[in-house]
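Asker: Submitted below is the structure of interest, expressed as structure tokens.
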Amino acid sequence: MANLQEVVSWDAGVYQLETSDPVLGGPGGTSNKQAQALANRTAYLKKHMDDLEGGTTAAGKANKLTTARTIAVAGDVTGQASFDGSGNISITATYKNSGVVAGTYRSVTVDAKGNVTAGSNPTTLLGYGITDAVPSSQKGAANGVATLDSGGKVPVAQIPATAITDTFVVGTQAAMLALTAEIGDVAVRTDLNKSFILRVTGASTLANWQELLTPTDAVQSVDGQTGVVVIATASEGVKGKAQIATQAEVDAGEDDGKFVTALKLMNWVKQAGESVLGMLRVATQAQTDAGTADDVAVTPKKIRFGFVAQLSGIGYIKFPSWLGGLIVQWGSNTVPINGTLNVTLPITFPNAGLQAWATYDYPDSTTYPTLAIRIASSSQIQLGGKAAAGSNFGLRWLVIGY
């Protein structure tokens with residue numbers, strides 16, 4: 001006697017024995033179908049329970065951990081709390097002690113994380129790392145710096161001796177010698193149109209007054225000419241003076257004896273047109289290609305831009321971009337009878353090929369092949385021919401694209 005072989009499977013239903021069923025045992029026997037289905041279901045349920053208990057399969061729902069876990073924070077901030085999943089938790093965090101005594105500091109040391117690691121209260125500028133300040137010992141001292149008094153001014157004791165120069169206007173020598181003057185004072189003599197400065201003490205002594213020399217006000221020369229200078233009217237061969245032309249005179253362009261300013265010259269410049277003489281800008285390549293601008297000039301270089309040709313048995317002509325960039329290519333090849341031949345074009349079409357044609361190169365009275373040509377890619381065509389007789393034959397082809 002043997003046991004039923006259980007299969008880990010959830011059978012859809014349990015077989016119902018019918019009155020017409022024969023009694024048949026053994027594996028797969030009708031009499032064992034009900035027991036087999038129940039055994040399979042039992043094995044299925046046991047497998048799932050084992051997987052749940054062993055942790056192979058996660059529980060579909062759970063509101064609490066079997067074993068509570070400790071969640072901890074480490075580093076500069078520490079703290080921990082027990083968590084079993086039954087509810088939210090809060091961690092009371094403790095910030096590490098920096099080692100600095102609590103207080104007020106004017107200078108602190110900070111680490112890479114922004115933590116204060118030391119503090120001090122310097123009493124000098126050097127303690128704050130300031131090395132370019134003036135020490136208090138240099139205030140009001142020789143080779144030091146001046147100070148300010150209560151009125152915000154430099155004390156007289158710190159100012160070197162100075163002399164204030166006065167200027168006196170007098171009409172005679174006697175009036176100058178009677179002045180109460182100090183060294184450096186100036187007397188302006190209206191009777192002589194000259195000025196004198198007191199060079200040594202003793203204003204009443206004429207020899208103590210020094211005349212101040214002034215440059216002559218006469219014009220020395222004009223453009224290398226001296227004496228009585230007559231300025232001629234300027235011309236192409238003569239330096240001289242000239243008037244500035246009016247805008248009307250500049251526009252007329254008839255007066256050759258007046259100067260033209262930059263402003264009037266710019267006002268005179270006109271945009272050229274079909275009936276107006278003037279200036280034109282040089283067209284860009286994009287404007288040349290578009291062919292819509294009617295107020296720019298096209299250079300030969302831009303007209304030819306993109307034109308290339310190879311004039312030979314196998315060659316091409318590439319038209320300029322302003323003509324659409326059309327490319328015509330041609331050539332000839334020998335094609336095997338009832339076969340095909342891939343031909344690489346002289347140049348690759350930048351965009352695509354458009355149309356292709358082929359013709360038989362050597363027609364005669366006995367062989368007229370059927371010809372075929374197609375554009376295989378932007379760089380290749382395929383030639384083909386079919387005939388009842390003959391051998392290889394030559395084809396001439398033409399392809400256009402852009």
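If you're wondering about the labels, chains in the structure tokens are A, B, ... by order shown, residues count from 1 in each chain, ligands from 1 in order shown.
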Give the strand (DSSP E) residues of segment 106-346 of chain A, as assigned by DSSP on the backbone, as a VMD selection string.

Answerer: chain A and resid 107 to 110 116 to 120 167 to 170 186 to 189 194 to 198 209 to 212 281 to 282 296 to 297 308 to 310 315 to 318 327 to 335 339 to 344

Asker: Neighbouring residues of segment 166-175 of chain A were defined as those with any atom within 12 Å, considering only C-alpha atoms; residues of the same chain fewer than 6 positions away were excluded. Please report them as a list of chain:residue names.

Answerer: A:Ala181, A:Glu182, A:Ile183, A:Gly184, A:Asp185, A:Val186, A:Ala187, A:Val188, A:Arg189, A:Thr190, A:Asp191, A:Leu192, A:Asn193, A:Lys194, A:Ser195, A:Phe196, A:Ile197, A:Leu198, A:Ala203, A:Ser204, A:Thr205, A:Leu206, A:Ala207, A:Trp209

Asker: Near Asn143 of chain A, within 12 Å and counting only C-alpha atoms, which residues show up once chain neighbours fewer than 6 positions away are dropped, as a list of chain:residue names?

Answerer: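 My list of contacting residues is A:Val134, A:Ser137, A:Gln158.
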
Asker: Please, could you write that set of residues out with N, CA, C and O atoms as a PDB file, in the first residue's frame?

Answerer:
```
ATOM      1  N   VAL A 134      46.979 101.539  13.475  1.00  0.00           N
ATOM      2  CA  VAL A 134      47.979 102.440  14.070  1.00  0.00           C
ATOM      3  C   VAL A 134      47.941 102.275  15.581  1.00  0.00           C
ATOM      4  O   VAL A 134      46.893 102.467  16.212  1.00  0.00           O
ATOM      5  N   SER A 137      50.287 104.398  20.681  1.00  0.00           N
ATOM      6  CA  SER A 137      51.541 105.077  21.030  1.00  0.00           C
ATOM      7  C   SER A 137      52.002 106.036  19.944  1.00  0.00           C
ATOM      8  O   SER A 137      52.845 106.902  20.180  1.00  0.00           O
ATOM      9  N   GLN A 158      50.251 120.257  16.766  1.00  0.00           N
ATOM     10  CA  GLN A 158      50.639 119.197  15.844  1.00  0.00           C
ATOM     11  C   GLN A 158      50.749 119.693  14.405  1.00  0.00           C
ATOM     12  O   GLN A 158      50.944 118.899  13.486  1.00  0.00           O
TER      13      GLN A 158
END
```

Asker: Which residues come within 9 Å of Gly119 of chain A, counting only C-alpha atoms, excluding same-chain residues fewer than 5 positions away, as a CSV table (one decimal) with N, CA, C and O atoms, in the first residue's frame?

Answerer:
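Output file selection_6.csv is given in full below:
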```
chain,number,residue,atom,x,y,z
A,100,VAL,N,33.5,74.4,25.6
A,100,VAL,CA,33.7,75.9,25.9
A,100,VAL,C,32.7,76.3,27.0
A,100,VAL,O,31.5,75.9,26.9
A,101,VAL,N,33.2,77.0,28.0
A,101,VAL,CA,32.4,77.4,29.1
A,101,VAL,C,31.4,78.4,28.6
A,101,VAL,O,31.7,79.3,27.8
A,103,GLY,N,29.2,81.6,28.0
A,103,GLY,CA,29.5,83.0,28.3
A,103,GLY,C,29.5,83.7,27.0
A,103,GLY,O,29.1,83.2,25.9
A,104,THR,N,30.0,85.0,27.0
A,104,THR,CA,30.0,85.9,25.9
A,104,THR,C,31.5,86.0,25.4
A,104,THR,O,32.3,86.4,26.3
A,105,TYR,N,31.8,85.8,24.2
A,105,TYR,CA,33.1,85.8,23.7
A,105,TYR,C,33.2,86.7,22.4
A,105,TYR,O,32.3,86.7,21.6
A,106,ARG,N,34.2,87.6,22.3
A,106,ARG,CA,34.4,88.4,21.2
A,106,ARG,C,35.2,87.8,20.0
A,106,ARG,O,35.2,88.2,18.9
A,107,SER,N,35.9,86.7,20.4
A,107,SER,CA,36.6,86.0,19.4
A,107,SER,C,36.4,84.5,19.6
A,107,SER,O,36.6,84.0,20.8
A,108,VAL,N,36.0,83.8,18.6
A,108,VAL,CA,35.7,82.3,18.8
A,108,VAL,C,36.5,81.5,17.7
A,108,VAL,O,36.8,82.1,16.6
A,109,THR,N,36.7,80.3,18.0
A,109,THR,CA,37.3,79.3,17.0
A,109,THR,C,36.2,78.3,16.6
A,109,THR,O,35.5,77.8,17.5
```

Asker: Set the distance at 9 Å and use only C-alpha atoms: which residues neighbour segment 70-77 of chain A once local chain neighbours fewer than 6 positions away are removed? I'd like the list as a VMD selection string.

Answerer: chain A and resid 83 to 84 91 93 to 97

Asker: Go ahead and save the residues from that selection, with C-alpha atoms, as a PDB file, in the first residue's frame.

Answerer:
```
ATOM      1  CA  PHE A  83      10.339  51.239  17.902  1.00  0.00           C
ATOM      2  CA  ASP A  84       8.021  48.221  17.397  1.00  0.00           C
ATOM      3  CA  ILE A  91      13.856  60.787  19.931  1.00  0.00           C
ATOM      4  CA  ALA A  93      18.404  64.398  21.017  1.00  0.00           C
ATOM      5  CA  THR A  94      21.397  65.671  22.968  1.00  0.00           C
ATOM      6  CA  TYR A  95      23.942  67.964  21.331  1.00  0.00           C
ATOM      7  CA  LYS A  96      27.522  67.261  22.307  1.00  0.00           C
ATOM      8  CA  ASN A  97      29.307  69.533  24.789  1.00  0.00           C
TER       9      ASN A  97
END
```

Asker: Let me make sure I understand: among A:Asn351, A:Val343, A:Lys386, A:Gly151, which one has the smallest atom-to-atom distance to Tyr368 of chain A if we use only C-alpha atoms?

Answerer: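 Closest to Tyr368 of chain A of all the choices is A:Lys386.
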
Asker: Please list as a JSON list (two decimals) with N, CA and C atoms, in the first residue's frame every residue within 9 Å of Ala290 of chain A, counting only C-alpha atoms and excluding residues in the same chain fewer than 4 positions away.

Answerer:
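Output saved as result-v6.json:
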```json
[["chain", "number", "residue", "atom", "x", "y", "z"],
["A", 285, "GLN", "N", 25.03, 85.45, -46.62],
["A", 285, "GLN", "CA", 24.76, 84.27, -47.43],
["A", 285, "GLN", "C", 23.30, 83.86, -47.30],
["A", 286, "ALA", "N", 22.74, 84.03, -46.07],
["A", 286, "ALA", "CA", 21.32, 83.68, -45.88],
["A", 286, "ALA", "C", 20.43, 84.57, -46.72],
["A", 322, "TRP", "N", 21.86, 79.29, -53.40],
["A", 322, "TRP", "CA", 20.74, 80.20, -53.72],
["A", 322, "TRP", "C", 19.95, 79.71, -54.93]]
```

Asker: When you count only C-alpha atoms, which of these residues is closest to Leu398 of chain A: A:Ala356, A:Leu148, A:Val110, A:Leu17?

Answerer: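 Residue with the minimum atom-to-atom distance to Leu398 of chain A: A:Ala356.
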
Asker: Could you tell me how far atom CA of Ala352 of chain A sits from atom CA of Ser377 of chain A, in Å to one decimal place?

Answerer: 7.6 Å

Asker: What parts of segment 152-182 of chain A does DSSP call helix (DSSP H, G or I)? I'd like the answer as a ChimeraX atom specification.

Answerer: /A:156-158,173-177

Asker: Mind pulling up the distance from atom CA of Thr66 of chain A to atom CA of Thr42 of chain A?

Answerer: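 If I compute the distance from atom CA of Thr42 of chain A to atom CA of Thr66 of chain A, I get 27.1 Å.
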